[in-house]
Amino acid sequence: MKLPVKMTINGQSYSHEVEPRLLLVHYIRELVGLTGTHVGCDTSQCGACTILMDGKAVKACNFFAVQCDGVKITTIEGLAKNGDLHPIQQGFWEKHGLQCGFCTPGMIMAAHQMLERYPKPSEEQIRHQLEGNLCRCTGYHNIVKAIQWAAEQMAGKK
Amino acid sequence: MATVERVLGKSIKRREDPRFITGRGTYVDDVKLPGTTWAAFVRSPHAHARIKKIDTAAALKHPGVVAIFTGKDMTGVNSLPCGWLLPELKVPPHMPLASDAARCVGDPVAIVIAESHDAAEDAAEKVKVTWEVLPAVSATDKATAKGSTQIHEVAPSNTAFTWQIGDAAAVETAFRGAARVVKKKIVNQRLVANPMEPRACLASYDRATGDLTLWVTSQNPHVHRLLMCAFVLGIPEHKVRVIAPDVGGAFGSKIFLYNEETICSWATKQIKRPVRWTSSRREAFLTDAHGRDHVTEAEMAFDAQGKIVGLRVKTIANMGAYLSTFAPAVPTYLYATLLNGVYTIPAIHAHVTGVFTNTTPVDAYRGAGRPEAAYLLERMIDAGAAALKLDPADIRKKNFIPKFENGFQTQVALNYDSGNYAAAFDKLLGMLDYKKFRSEQQAARKQGRLLGLGFSTYIEACSIAPSKVVGSLGAQAGLYESGKVRVHPTGGITVYTGSHSHGQGHETTFSQLVADELGVPMESVEIVHGDTGAIPFGMGTYGSRSGSVGGTALLMSLQKIKEKGKKIAAHLLEASPSDIEYTNGQFQVKGFPGKAVPFGQVALTAYVPHNYPAGLEPGLEETSFYDPSNFCFPFGAHACVVEIDRDTGQVKIVRYLAVDDVGNVMNPMIVDGMVHGGIAQGVGQALCEGAVYDDGQLVTGSMMDYALPKADMLPMYETDRTVTPTLVNPLGVKGAGETGTIAATPAVMNAVVDALAPLGVDHIETMPLTAGRVWTIMQSAKR
């Protein structure tokens, strides 16, 4: 039995009939066709599927699509505005905060909420806030620097 | 003409990043084809069981099921090959789908193909397998015990091979004359690579042309194609195109030819529709080749002054249930040949037994053999220092091989290229302020704090590898690399490399190389990799070989381009080719910058050869294959400072310092990044990672149970370099992908042992050092 679901993703509205067991992350990847949100595990440890749902960073593998009727979602594809990278995206580029790129969308979305909570995060805060995101390439060093860089840029713009 | 800025050796921001930071990378699971079916595998829940019957009737009736195949359906399909054959190696069959027995949990016995992922998974649950459960053995040091279950008919006592290197008699003599012999058991536990992107494949058979296209998470698409076509499926290589697009990390685990892509490639031809499979993380834990898993007895002999006089090593290496693609090479040629380390050791002997167990196959994982060697040596030299009451810095300095620039013959076959081990270590001691640290440690100990420092002075063999050498050692392949440079009529350049980037940043570093060599902007260079349909051939990326081997192949092609360009330019300038030099992006008559033609004009002339040298072929495109004459040997010195919580046993890394020497550096930012990531993986082995089997069941089979390092357990790394170029290749680069992983584990372990030294601890056999394990050690050691 399929159920109807409607949501707004990156400013565009989508409606589908979906199996109740369909995870939000698979909805985004397979039905909406936005493949920047990644699946790195099946136990909600890795954080590669992190998105913004109504402004909060959540793991898209932790929701069924049918639970998300009416929500507003931003994925990594929706972060840059008019072709301008978000400072966090820019920070990851400037500070070499990625290697294989697979964890990167989730890292960037997690950092997005982190900087809303802590506009001037300490190194310790950044590391603690990344508790739900795994990276196997960078050893986190440059991810921390990327987020620090973004925080400075965003503070400067205010 | 303005001088073109040199870019090689500079920290240029990565060209591949814009697509990754905007979510527009294309990983295998992102590739969509119309009409695609989904595959799910029926896997053994038992570590060892005979297959009595497979009943697919109920599953076939499940809505959406397209086809189900078992091993018996795959007629004419052969065993997955082992690509490295040691003398008298026992090579048991490894069929893509097991039909007689399953030999580890996760062994696939059937493929279910359906219209959707859910339908495939649901139907797979309805496949009824009747098992006869057999006894299983998973522990490395119990595999050959009397009464252990026999896993393969061809391998009595579950022994895949026994192998040795070095001079046993010389070691015996050295030990007899030694002042002190230190003997330790060293367990290098089993690890799971865990790249963030799980393995995936999409196989599509074109019934019009008979061509097969396979998208697969591979570090080496040509190797995948060769092994699959020539050894397993028996289909012609030229009818198969393998594409490894963006690949989300690998660390060795995506080198090998696996069951799943082979079966999907076979199945697409049966059903005439694309077949897609993406591993769940749970499947990844069970089926990605694991790493390490050695149990070793090591003895190091010293004279009274602390000079090493001999080393004796006996290792049991777990191969798992089958021989994975390069498995036998790892605990032999990539391990025991590194046991000379950075030290003068007059006599070495190593004996290795490779054993089968009812566990996931073990193969190369970042470092592959070299971390095991470095760990052993660094633990043993510290144990020696403790026994002889020497400072761990002094004992290392006493034993370093003196500086050399062109060759040092070790006791275990290898000939090192260049090294200056003391220089790297001295630099490290300076960064650390060693004397100051020891006095701080004294003070901390008086307060009852457990503060420790560990060193690791390592070497690795990379730039893999001279084909003739590895061929004589059992490799069934050559280990050269190809590089093709195509200059387009309008001056743009497409580069085709056989190296594969799965995080290494080749689109940037290779562009830097091309831009520098030709004096053109990086923007006019495009790097193509990971596609057998475009690239002449390729052995791929592992063993820190892309820059040194892949880069040199490119350099050779660039030199050929320039040579041909000189002939064209000479004709246009009415000069002799020997009088033409290439500088700043133009061909000019030597000493006459005014008499010159730019690169673009030469390119256009090559394709519009109206005014052209007689006898010269049109076009500007060159291909080269480079086979290195030797390995390269990066080295370095790392230090780790830890503090242990007395109440909980929690290990906190206070500082981590690294001085690496990888020869010349093409992009410092990228090299530093690889060092960082390698350190994190090495720390992971020391502190949190480890695959645990209980009676053949993998109890650490998810990311909930297998602890990967997180941001909050790691510090900012303090890194620096010394530069000792290699003479093996013209770029002078040695390789940088594995140094951190090799160096970090012993540095952390030595630091923990040092921290616990006041409690009387001088060695710890088993990793990882979780808080619970450290606490237990503290309780039993307390004095």
# chains A, B, ... in the order shown; residues from 1 in each chain; ligands from 1
$ residues_around --residues "Leu23 (chain A)" --least-positions-apart "2" --cutoff "12 Å" --atoms "only C-alpha atoms" --output "list in words"
Val18, Glu19, Pro20, Arg21, Val25, His26, Tyr27, Ile28, Arg29, Glu30, Leu31, Val39, Asp42, Ser44, Cys49, Lys59, Ala60, Cys61, Asn62, Phe63, Phe64, Ala65, Val66, Gln67 and Cys68 of chain A; Asp118 of chain B
$ write_last_selection --atoms "N, CA and C atoms" --output "short mmCIF file (atom, residue, chain, number, x, y, z; two decimals), in the first residue's frame"
data_model
loop_
_atom_site.label_atom_id
_atom_site.label_comp_id
_atom_site.auth_asym_id
_atom_site.auth_seq_id
_atom_site.Cartn_x
_atom_site.Cartn_y
_atom_site.Cartn_z
N VAL A 18 4.45 6.70 -2.07
CA VAL A 18 5.61 5.88 -1.70
C VAL A 18 5.22 4.77 -0.73
N GLU A 19 6.04 3.73 -0.72
CA GLU A 19 5.91 2.66 0.27
C GLU A 19 6.18 3.26 1.65
N PRO A 20 5.41 2.88 2.65
CA PRO A 20 5.65 3.45 3.98
C PRO A 20 7.06 3.18 4.51
N ARG A 21 7.68 2.10 4.06
CA ARG A 21 9.01 1.79 4.59
C ARG A 21 10.15 2.52 3.87
N VAL A 25 16.10 9.20 2.87
CA VAL A 25 17.33 9.33 2.06
C VAL A 25 17.16 8.65 0.71
N HIS A 26 16.48 7.52 0.69
CA HIS A 26 16.26 6.85 -0.59
C HIS A 26 15.23 7.59 -1.43
N TYR A 27 14.27 8.21 -0.74
CA TYR A 27 13.30 9.06 -1.46
C TYR A 27 14.05 10.18 -2.20
N ILE A 28 14.94 10.85 -1.47
CA ILE A 28 15.67 11.97 -2.06
C ILE A 28 16.56 11.50 -3.21
N ARG A 29 17.24 10.38 -2.99
CA ARG A 29 18.20 9.90 -4.01
C ARG A 29 17.50 9.26 -5.22
N GLU A 30 16.51 8.42 -4.93
CA GLU A 30 15.96 7.61 -6.02
C GLU A 30 14.76 8.26 -6.71
N LEU A 31 13.86 8.86 -5.96
CA LEU A 31 12.65 9.42 -6.57
C LEU A 31 12.83 10.88 -6.97
N VAL A 39 24.64 7.62 1.24
CA VAL A 39 24.36 6.58 2.22
C VAL A 39 25.66 5.85 2.53
N ASP A 42 24.19 1.77 7.66
CA ASP A 42 22.80 1.39 7.85
C ASP A 42 22.42 1.43 9.33
N SER A 44 22.89 4.61 11.15
CA SER A 44 22.87 6.05 11.43
C SER A 44 24.10 6.55 12.18
N CYS A 49 24.37 11.24 5.11
CA CYS A 49 23.05 11.60 4.58
C CYS A 49 22.47 12.82 5.28
N LYS A 59 19.69 13.33 10.04
CA LYS A 59 20.16 12.26 9.17
C LYS A 59 18.97 11.70 8.40
N ALA A 60 19.03 11.79 7.09
CA ALA A 60 17.89 11.42 6.25
C ALA A 60 17.61 9.93 6.29
N CYS A 61 18.53 9.15 6.86
CA CYS A 61 18.29 7.71 6.99
C CYS A 61 17.45 7.42 8.23
N ASN A 62 17.20 8.47 9.05
CA ASN A 62 16.48 8.27 10.29
C ASN A 62 14.99 8.55 10.18
N PHE A 63 14.55 8.85 8.96
CA PHE A 63 13.13 9.16 8.75
C PHE A 63 12.59 8.29 7.63
N PHE A 64 11.34 7.91 7.78
CA PHE A 64 10.62 7.38 6.62
C PHE A 64 10.14 8.59 5.83
N ALA A 65 10.08 8.44 4.54
CA ALA A 65 9.62 9.56 3.70
C ALA A 65 8.22 9.99 4.12
N VAL A 66 7.37 9.03 4.48
CA VAL A 66 5.98 9.38 4.82
C VAL A 66 5.87 10.19 6.11
N GLN A 67 6.94 10.15 6.92
CA GLN A 67 6.93 10.97 8.15
C GLN A 67 7.18 12.43 7.83
N CYS A 68 7.60 12.71 6.61
CA CYS A 68 8.12 14.04 6.29
C CYS A 68 7.15 14.85 5.45
N ASP B 118 13.68 -3.20 -2.72
CA ASP B 118 12.90 -3.86 -1.68
C ASP B 118 12.46 -5.25 -2.13
#
$ residues_around --residues "Val761 (chain B)" --least-positions-apart "6" --cutoff "10 Å" --atoms "only C-alpha atoms" --output "list in words"
Val752, Val753, Asp754, Ala755, Ile777, Met778, Ser780, Ala781 and Lys782 of chain B
$ write_last_selection --atoms "N, CA and C atoms" --output "PDB file, in the first residue's frame"
ATOM      1  N   VAL B 752      51.509   4.829  24.990  1.00  0.00           N
ATOM      2  CA  VAL B 752      50.694   4.257  26.068  1.00  0.00           C
ATOM      3  C   VAL B 752      51.572   3.403  26.987  1.00  0.00           C
ATOM      4  N   VAL B 753      52.455   2.605  26.391  1.00  0.00           N
ATOM      5  CA  VAL B 753      53.344   1.783  27.214  1.00  0.00           C
ATOM      6  C   VAL B 753      54.227   2.682  28.081  1.00  0.00           C
ATOM      7  N   ASP B 754      54.704   3.780  27.484  1.00  0.00           N
ATOM      8  CA  ASP B 754      55.531   4.731  28.248  1.00  0.00           C
ATOM      9  C   ASP B 754      54.736   5.358  29.393  1.00  0.00           C
ATOM     10  N   ALA B 755      53.479   5.686  29.119  1.00  0.00           N
ATOM     11  CA  ALA B 755      52.643   6.284  30.161  1.00  0.00           C
ATOM     12  C   ALA B 755      52.417   5.308  31.313  1.00  0.00           C
ATOM     13  N   ILE B 777      44.471  -3.536  32.174  1.00  0.00           N
ATOM     14  CA  ILE B 777      45.940  -3.642  32.243  1.00  0.00           C
ATOM     15  C   ILE B 777      46.448  -2.922  33.502  1.00  0.00           C
ATOM     16  N   MET B 778      45.877  -1.753  33.762  1.00  0.00           N
ATOM     17  CA  MET B 778      46.308  -0.975  34.933  1.00  0.00           C
ATOM     18  C   MET B 778      46.020  -1.734  36.228  1.00  0.00           C
ATOM     19  N   SER B 780      45.757  -5.012  36.665  1.00  0.00           N
ATOM     20  CA  SER B 780      46.591  -6.191  36.872  1.00  0.00           C
ATOM     21  C   SER B 780      48.060  -5.809  37.038  1.00  0.00           C
ATOM     22  N   ALA B 781      48.428  -4.602  36.585  1.00  0.00           N
ATOM     23  CA  ALA B 781      49.840  -4.202  36.658  1.00  0.00           C
ATOM     24  C   ALA B 781      50.166  -3.429  37.923  1.00  0.00           C
ATOM     25  N   LYS B 782      49.156  -2.881  38.560  1.00  0.00           N
ATOM     26  CA  LYS B 782      49.398  -1.938  39.657  1.00  0.00           C
ATOM     27  C   LYS B 782      50.346  -2.498  40.713  1.00  0.00           C
TER      28      LYS B 782
END
$ interface_residues --of "chain B" --to "chain A" --cutoff "8 Å" --atoms "only C-alpha atoms" --output "PyMOL selection string"
chain B and resi 13-14+17-18+20-25+30+194-198+246-249+280-282+502-505+669-670+673-674+676-681+702-704+708-712+714-717
$ select_by_dssp --residues "region 390-633 of chain B" --states "strand (DSSP E)" --output "number ranges by chain"
B: 408-409, 415-416, 450-459, 481-487, 493-497, 525-529, 580-583, 586-589, 592-598, 621-626
$ write_last_selection --atoms "C-alpha atoms" --output "short mmCIF file (atom, residue, chain, number, x, y, z; two decimals), in the first residue's frame"
data_model
loop_
_atom_site.label_atom_id
_atom_site.label_comp_id
_atom_site.auth_asym_id
_atom_site.auth_seq_id
_atom_site.Cartn_x
_atom_site.Cartn_y
_atom_site.Cartn_z
CA PHE B 408 71.43 0.56 0.64
CA GLN B 409 71.17 -3.23 0.47
CA ASN B 415 67.61 -2.12 -1.91
CA TYR B 416 66.58 1.22 -0.42
CA LEU B 450 50.12 8.97 33.45
CA LEU B 451 51.80 10.96 30.68
CA GLY B 452 53.61 9.08 27.93
CA LEU B 453 55.57 9.66 24.75
CA GLY B 454 55.98 7.19 21.90
CA PHE B 455 58.25 7.32 18.85
CA SER B 456 57.93 5.64 15.53
CA THR B 457 60.75 5.80 13.02
CA TYR B 458 59.52 3.96 9.98
CA ILE B 459 60.24 3.10 6.40
CA GLU B 481 51.63 2.52 -15.44
CA SER B 482 50.42 4.20 -18.60
CA GLY B 483 49.96 7.87 -19.38
CA LYS B 484 48.58 9.33 -22.58
CA VAL B 485 48.65 13.01 -23.52
CA ARG B 486 46.38 14.26 -26.29
CA VAL B 487 46.93 17.82 -27.47
CA ILE B 493 45.11 19.00 -23.49
CA THR B 494 43.42 15.82 -22.36
CA VAL B 495 45.46 13.51 -20.19
CA TYR B 496 44.57 9.84 -19.80
CA THR B 497 46.10 8.20 -16.78
CA VAL B 525 44.37 20.52 -18.97
CA GLU B 526 41.74 17.87 -18.37
CA ILE B 527 42.57 14.64 -16.52
CA VAL B 528 40.67 11.48 -17.44
CA HIS B 529 40.93 8.42 -15.27
CA ILE B 580 64.90 24.56 -30.63
CA GLU B 581 64.19 24.79 -26.93
CA TYR B 582 60.86 24.77 -25.17
CA THR B 583 60.39 27.44 -22.58
CA GLN B 586 56.72 28.38 -26.61
CA PHE B 587 59.19 26.73 -28.89
CA GLN B 588 62.07 29.10 -29.62
CA VAL B 589 65.41 29.12 -31.29
CA PHE B 592 66.48 34.05 -29.57
CA PRO B 593 63.22 34.56 -27.64
CA GLY B 594 61.94 36.62 -30.56
CA LYS B 595 62.23 33.66 -32.93
CA ALA B 596 59.48 31.53 -31.42
CA VAL B 597 56.13 29.87 -32.02
CA PRO B 598 53.65 29.35 -29.20
CA GLU B 621 49.29 12.66 -29.10
CA GLU B 622 51.69 10.44 -27.20
CA THR B 623 51.39 7.39 -24.98
CA SER B 624 53.99 6.02 -22.58
CA PHE B 625 54.27 3.09 -20.23
CA TYR B 626 56.63 3.48 -17.29
#
$ select_by_dssp --residues "region 327-417 of chain B" --states "helix (DSSP H, G or I)" --output "PyMOL selection string"
chain B and resi 327-329+336-338+370-388+392-399
$ atom_distance --atom1 "CA of Thr315 (chain B)" --atom2 "CA of Met95 (chain B)"
28.6 Å
$ residues_around --residues "Gln153 (chain A)" --least-positions-apart "3" --cutoff "9 Å" --atoms "only C-alpha atoms" --output "PDB file with C-alpha atoms, in the first residue's frame"
ATOM      1  CA  PRO A  87      30.966  29.980   3.064  1.00  0.00           C
ATOM      2  CA  ILE A  88      31.043  26.452   4.489  1.00  0.00           C
ATOM      3  CA  GLY A  91      35.790  26.691   3.511  1.00  0.00           C
ATOM      4  CA  GLN A 148      36.816  27.639  11.468  1.00  0.00           C
ATOM      5  CA  TRP A 149      37.424  29.411   8.153  1.00  0.00           C
ATOM      6  CA  ALA A 150      33.699  29.480   7.396  1.00  0.00           C
ATOM      7  CA  GLY A 156      32.768  39.077   8.911  1.00  0.00           C
ATOM      8  CA  LYS A 157      29.642  39.295   6.759  1.00  0.00           C
ATOM      9  CA  LYS A 158      27.354  40.047   9.670  1.00  0.00           C
TER      10      LYS A 158
END
$ residues_around --residues "Gln113 (chain A)" --least-positions-apart "3" --cutoff "12 Å" --atoms "only C-alpha atoms" --output "PyMOL selection string"
chain A and resi 50-58+74+88+106-110+116-119+121+126+129-130+147+151
$ residues_around --residues "Val309 (chain B)" --least-positions-apart "5" --cutoff "8 Å" --atoms "only C-alpha atoms" --output "PyMOL selection string"
chain B and resi 174-175+178+300-303+345-347
$ write_last_selection --atoms "C-alpha atoms" --output "PDB file, in the first residue's frame"
ATOM      1  CA  ALA B 174      74.093 -13.411  16.405  1.00  0.00           C
ATOM      2  CA  PHE B 175      71.742 -14.437  19.187  1.00  0.00           C
ATOM      3  CA  ALA B 178      74.109 -11.147  22.137  1.00  0.00           C
ATOM      4  CA  MET B 300      65.385  -8.871  18.943  1.00  0.00           C
ATOM      5  CA  ALA B 301      68.967  -9.298  20.102  1.00  0.00           C
ATOM      6  CA  PHE B 302      71.163  -6.425  21.290  1.00  0.00           C
ATOM      7  CA  ASP B 303      74.781  -5.965  22.234  1.00  0.00           C
ATOM      8  CA  ILE B 345      70.404  -5.080  11.564  1.00  0.00           C
ATOM      9  CA  PRO B 346      73.173  -7.513  10.633  1.00  0.00           C
ATOM     10  CA  ALA B 347      71.078 -10.679  10.735  1.00  0.00           C
TER      11      ALA B 347
END
$ atom_distance --atom1 "CA of Met522 (chain B)" --atom2 "CA of Gly600 (chain B)"
14.5 Å
$ closest_residue --among "B:Thr36, B:Glu405, B:Leu604, B:Gln697" --to "Arg103 (chain B)" --atoms "only C-alpha atoms"
B:Gln697
$ atom_distance --atom1 "CA of Gly498 (chain B)" --atom2 "CA of Gly540 (chain B)"
5.6 Å
$ residues_around --residues "Lys254 (chain B)" --least-positions-apart "6" --cutoff "12 Å" --atoms "only C-alpha atoms" --output "ChimeraX atom specification"
/B:193-201,216-221,223-224,244,247-248,261,284,287-290,324-326,363-366,500-502,540-542
$ write_last_selection --atoms "C-alpha atoms" --output "compact mmCIF listing (two decimals), in the first residue's frame"
# COMPACT_ATOMS: atom_id res chain seq x y z
CA ALA B 193 38.95 -0.66 5.78
CA ASN B 194 35.58 1.07 5.85
CA PRO B 195 35.85 3.64 3.07
CA MET B 196 32.81 5.88 3.52
CA GLU B 197 31.38 4.82 0.16
CA PRO B 198 30.31 1.18 0.26
CA ARG B 199 31.19 -1.00 -2.73
CA ALA B 200 28.74 -0.88 -5.63
CA CYS B 201 28.36 -2.04 -9.21
CA VAL B 216 32.29 -0.48 -10.27
CA THR B 217 33.93 0.99 -7.19
CA SER B 218 37.47 0.14 -8.23
CA GLN B 219 40.96 1.44 -7.60
CA ASN B 220 42.06 -0.24 -10.83
CA PRO B 221 39.40 -0.69 -13.51
CA VAL B 223 42.80 -4.92 -13.42
CA HIS B 224 39.15 -5.58 -12.65
CA ALA B 244 35.24 3.53 -11.96
CA VAL B 247 35.05 6.55 -5.83
CA GLY B 248 34.49 7.40 -2.20
CA GLU B 261 30.49 -7.39 -9.59
CA ALA B 284 30.62 -4.33 3.62
CA THR B 287 32.50 -9.00 2.38
CA ASP B 288 35.05 -6.21 1.86
CA ALA B 289 38.50 -7.75 2.24
CA HIS B 290 39.79 -7.17 5.77
CA SER B 324 41.74 -12.68 -2.11
CA THR B 325 43.37 -11.12 -5.20
CA PHE B 326 46.75 -10.15 -3.75
CA ASP B 363 44.09 -8.63 1.75
CA ALA B 364 45.83 -5.27 1.43
CA TYR B 365 44.58 -2.48 3.70
CA ARG B 366 46.34 0.92 3.69
CA HIS B 500 42.85 6.14 -10.31
CA SER B 501 41.84 8.82 -7.86
CA HIS B 502 39.52 7.88 -5.02
CA GLY B 540 45.61 1.66 -10.90
CA THR B 541 46.25 3.23 -7.56
CA TYR B 542 47.52 1.52 -4.41
